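J.: Provided herewith is a single structure, encoded as structure tokens, for subsequent inquiry.
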Amino acid sequence: MVRIVFLGNFAVHWSSETYWAHSLEDLGHEVTRLQVTQASAEEILARGRAADLLVWVHTPGGRTPGALGMEQVLAELRAAEIPTVSYHLDLWAPLPRAEQVGRDLIYRHIEHFFSVDPGLVDWFGRQTQVKGHYLPAGVYGGDCRMVERTPVDGGGFPHEVVFVGGRYNYPPQWPYRGELVDWLEGTYGERFTHFGVDGTAEVYGAALNQLYANTKIVVGDTLCPGFDYAGYWSDRIYETIGRGGFMIHPYIPGLEEQFTDGRHLKFYTYGDFGELRELIEHYLTHGEEREAIRRAGFEHVRDNHTYAHRWKAILEAVTGARAPSGGTEPAL
């Protein structure tokens with residue numbers, strides 16, 4: 001068992017930190033939660049010294065109260081040979097906000113930084129003493145389940161084609177999102193539904209699992225500069241497939257190492273709406289094939305890509321720790 005002090009945002013039940021802490025406990029480890037901007041630097045240091053590991057998920061601009069600075073906290077824990085770790089799901093390197101990285105102390109003083117962005121991992125190796133690790137996103141195991149479809153009259157599906165996510169509240173560097181949603185609306189009309197902050201409605205929690213069960217096809221998207229930024233993709237891929245959705249998503253170099261095209265999901269070429277239309281038309285009418293992919297994808301994510309799997313990998317990389325006897329240790 002690893003004794004972990006976890007500094008993050010636990011004020012809401014749907015934060016990544018909340019899911020990750022539960023995942024660590026599912027693996028059999030002990031987690032002490034400290035709320036960012038509330039726990040003092042002195043408390044963080046004291047609890048960190050009594051633990052085996054400090055995890056700090058940092059929100060830019062957040063301030064830690066107390067006379068000590070977090071730079072000193074991290075330095076004293078390093079001197080005590082207590083590892084410090086962070087894990088982030090954001091894309092940084094190819095976007096203008098990358099300029100913030102060098103100004104934020106966590107990116108220069110944390111010992112281990114796990115990132116979904118290969119460019120950020122490369123930056124750590126070139127510019128800092130931080131040990132950068134590439135690790136894709138995943139889905140919380142508690143959300144990874146299939147539910148039964150709610151049939152409409154005649155036993156059909158409530159939704160045929162769906163997109164989940166914002167259309168306009170997205171970085172200006174990615175106009176493709178709006179173009180995609182506009183094309184889906186123009187092509188499929190009432191057969192298409194957009195769920196999101198600027199769509200029909202926002203959907204979370206168990207309602208999202210139900211939505212995917214009630215939908216024939218979910219079209220996905222990831223901010224991918226140049227359509228060829230390898231190694232980064234949205235956590236929505238794992239969220240959609242792991243909650244029981246059948247997904248068509250643009251191909252990104254590296255995705256083939258996580259998923260098999262035609263077995264776990266379907267890829268299409270970025271910007272090729274003709275290819276996307278052919279795939280949508282095919283899978284709208286080939287229910288058995290679609291269902292086989294949906295179930296195989298779900299089982300693949302459940303067995304390989306939950307956050308319990310990700311944190312198991314993190315702990316093994318940092319401490320060599322494995323799930324203790326009695327913990328839930330998923331097979332990799």
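Numbering starts fresh at 1 for the residues of each chain in the structure tokens, the chains themselves are lettered A, B, ... in the order given, and ligands are numbered from 1 as they appear.
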According to DSSP computed on the backbone, where in range 247-325 of chain A is there strand (DSSP E)? Give the residues as a count of residues only.
T.: 7
J.: Please, which residues of range 25-213 of chain A, numbered as in this document, come out helix (DSSP H, G or I) from DSSP, as an MDAnalysis selection string?
T.: chainID A and resid 25:26 41:49 70:79 96:103 106:109 118:127 141:143 153:155 176:191 206:213
J.: Since we have the selection now, will you write its residues out, keeping C-alpha atoms, as a compact mmCIF listing (two decimals), in the first residue's frame?
T.:
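Written output follows (result07.txt):
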# COMPACT_ATOMS: atom_id res chain seq x y z
CA GLU A 25 -8.24 3.73 -3.50
CA ASP A 26 -9.71 1.06 -5.78
CA ALA A 41 1.97 25.01 2.40
CA GLU A 42 2.92 24.04 5.96
CA GLU A 43 0.17 21.40 6.13
CA ILE A 44 1.09 20.08 2.69
CA LEU A 45 4.73 19.72 3.74
CA ALA A 46 3.90 18.07 7.07
CA ARG A 47 1.51 15.58 5.53
CA GLY A 48 3.84 14.97 2.61
CA ARG A 49 6.72 14.10 4.92
CA MET A 70 5.32 25.50 -2.93
CA GLU A 71 8.80 25.65 -4.43
CA GLN A 72 10.21 25.15 -0.92
CA VAL A 73 7.68 22.40 -0.17
CA LEU A 74 8.73 20.49 -3.30
CA ALA A 75 12.43 21.02 -2.55
CA GLU A 76 12.11 19.74 1.03
CA LEU A 77 10.15 16.67 -0.06
CA ARG A 78 12.78 15.97 -2.71
CA ALA A 79 15.49 16.23 -0.02
CA PRO A 96 -0.11 29.92 -27.54
CA ARG A 97 -0.75 29.06 -23.88
CA ALA A 98 2.52 27.09 -23.93
CA GLU A 99 4.15 30.36 -22.90
CA GLN A 100 2.61 29.89 -19.43
CA VAL A 101 4.55 26.70 -18.83
CA GLY A 102 7.92 28.28 -18.18
CA ARG A 103 6.41 30.82 -15.76
CA ILE A 106 5.11 23.32 -10.94
CA TYR A 107 6.56 22.79 -14.43
CA ARG A 108 10.10 23.32 -13.16
CA HIS A 109 10.08 21.94 -9.61
CA PRO A 118 4.21 14.45 -26.25
CA GLY A 119 5.44 17.96 -27.06
CA LEU A 120 5.25 18.98 -23.40
CA VAL A 121 7.10 15.82 -22.36
CA ASP A 122 9.83 16.70 -24.87
CA TRP A 123 10.00 20.25 -23.45
CA PHE A 124 10.62 18.89 -19.95
CA GLY A 125 13.57 16.89 -21.26
CA ARG A 126 15.11 19.88 -23.04
CA GLN A 127 14.40 22.73 -20.63
CA GLY A 141 -13.71 3.02 -13.91
CA GLY A 142 -16.91 3.92 -12.06
CA ASP A 143 -18.27 5.47 -15.26
CA ASP A 153 -41.88 3.13 -30.64
CA GLY A 154 -41.05 0.16 -32.81
CA GLY A 155 -37.88 -0.64 -30.86
CA TYR A 176 -12.64 22.53 -37.62
CA ARG A 177 -14.94 21.80 -34.67
CA GLY A 178 -17.52 24.32 -35.86
CA GLU A 179 -17.15 23.18 -39.47
CA LEU A 180 -17.78 19.58 -38.43
CA VAL A 181 -20.90 20.33 -36.39
CA ASP A 182 -22.25 22.62 -39.11
CA TRP A 183 -21.70 19.88 -41.70
CA LEU A 184 -23.44 17.27 -39.55
CA GLU A 185 -26.42 19.57 -39.04
CA GLY A 186 -26.63 20.45 -42.72
CA THR A 187 -26.25 16.86 -43.87
CA TYR A 188 -28.45 15.00 -41.40
CA GLY A 189 -30.95 17.62 -40.23
CA GLU A 190 -33.33 16.18 -37.64
CA ARG A 191 -31.42 12.90 -37.69
CA ALA A 206 -25.23 8.42 -15.81
CA ALA A 207 -27.24 10.42 -18.36
CA LEU A 208 -24.21 10.34 -20.67
CA ASN A 209 -24.04 6.54 -20.53
CA GLN A 210 -27.75 6.46 -21.34
CA LEU A 211 -27.28 8.87 -24.24
CA TYR A 212 -24.61 6.67 -25.80
CA ALA A 213 -26.78 3.56 -25.35
J.: Please compute the CA of Leu24 in chain A-CA of Val130 in chain A distance, one decimal, in Å.
T.: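 Those two atoms sit 23.1 Å apart.
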J.: Using only C-alpha atoms, which of A:Gln173, A:Thr319, A:Gln129, A:Gln35 sits nearest Pro94 in chain A?
T.: A:Gln173
J.: What does the distance between CA of Tyr268 in chain A and CA of Glu160 in chain A come to in Å, to one decimal place?
T.: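 Straight-line distance from CA of Tyr268 in chain A to CA of Glu160 in chain A works out to 18.3 Å.
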J.: Which of these, A:Ile4, A:Cys224, A:Ala230, A:Leu284, has the shortest distance to Val161 in chain A once you count only C-alpha atoms?
T.: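 Smallest separation from Val161 in chain A among the options: A:Leu284.
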J.: Of the candidates A:Ala39, A:Arg295, A:Val116, A:Asp90, which shows the shortest atom-to-atom distance to Leu68 in chain A, using only C-alpha atoms?
T.: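 Comparing A:Ala39, A:Arg295, A:Val116, A:Asp90 against Leu68 in chain A, the winner is A:Ala39.
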J.: Need the shell around Val55 in chain A: protein/DNA/RNA residues with any atom at most 10 Å away, counting only C-alpha atoms. Skip same-chain ones fewer than 6 positions apart. Format as a PyMOL selection string?
T.: chain A and resi 4-8+17+21+31+33-34+48+83-87+110+112-113
J.: Given the selection you just returned, output its residues as a file containing C-alpha atoms, formatted as a PDB file, in the first residue's frame.
T.:
ATOM      1  CA  ILE A   4      -0.531   9.250  -0.931  1.00  0.00           C
ATOM      2  CA  VAL A   5      -1.182  12.909  -0.169  1.00  0.00           C
ATOM      3  CA  PHE A   6      -3.258  14.315  -3.050  1.00  0.00           C
ATOM      4  CA  LEU A   7      -3.430  18.099  -3.471  1.00  0.00           C
ATOM      5  CA  GLY A   8      -6.127  19.034  -5.970  1.00  0.00           C
ATOM      6  CA  GLU A  17      -8.756  14.643  -9.071  1.00  0.00           C
ATOM      7  CA  ALA A  21      -8.317   9.553  -5.917  1.00  0.00           C
ATOM      8  CA  VAL A  31      -5.271   8.686  -0.171  1.00  0.00           C
ATOM      9  CA  ARG A  33      -7.144  14.643   0.045  1.00  0.00           C
ATOM     10  CA  LEU A  34      -6.056  18.278   0.409  1.00  0.00           C
ATOM     11  CA  GLY A  48       3.839  14.972   2.608  1.00  0.00           C
ATOM     12  CA  PRO A  83       8.483  11.621  -4.838  1.00  0.00           C
ATOM     13  CA  THR A  84       6.238  14.403  -6.131  1.00  0.00           C
ATOM     14  CA  VAL A  85       3.987  13.807  -9.125  1.00  0.00           C
ATOM     15  CA  SER A  86       1.563  15.624 -11.392  1.00  0.00           C
ATOM     16  CA  TYR A  87      -0.680  14.362 -14.214  1.00  0.00           C
ATOM     17  CA  ILE A 110       7.779  18.893  -9.550  1.00  0.00           C
ATOM     18  CA  HIS A 112       7.586  13.704 -12.181  1.00  0.00           C
ATOM     19  CA  PHE A 113       5.118  15.174 -14.666  1.00  0.00           C
TER      20      PHE A 113
END
J.: Have a look at CA of Arg167 in chain A and CA of Gly226 in chain A and let me know their distance in Å, one decimal.
T.: 18.9 Å
J.: So that I can see what lies close to Ile293 in chain A, please list as a PyMOL selection string the residues with an atom at most 9 Å from it, counting only C-alpha atoms and leaving out residues fewer than 6 positions away in the same chain.
T.: chain A and resi 246-247+262-266
J.: Once you have the residues from the selection above, write them out as a PDB file, in the first residue's frame, restricted to C-alpha atoms.
T.:
ATOM      1  CA  PHE A 246     -20.122   3.507 -30.997  1.00  0.00           C
ATOM      2  CA  MET A 247     -17.625   6.094 -32.225  1.00  0.00           C
ATOM      3  CA  GLY A 262     -12.866  -1.539 -37.336  1.00  0.00           C
ATOM      4  CA  ARG A 263     -12.642  -3.480 -34.099  1.00  0.00           C
ATOM      5  CA  HIS A 264     -12.925  -0.843 -31.341  1.00  0.00           C
ATOM      6  CA  LEU A 265     -14.073   2.217 -33.328  1.00  0.00           C
ATOM      7  CA  LYS A 266     -13.882   3.605 -36.865  1.00  0.00           C
TER       8      LYS A 266
END
J.: My list of candidates is A:Val139, A:Met146, A:Ala308, A:Met1. Which is closest to His22 in chain A when distances are computed with only C-alpha atoms?
T.: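 Counting only C-alpha atoms, the residue closest to His22 in chain A is A:Ala308.
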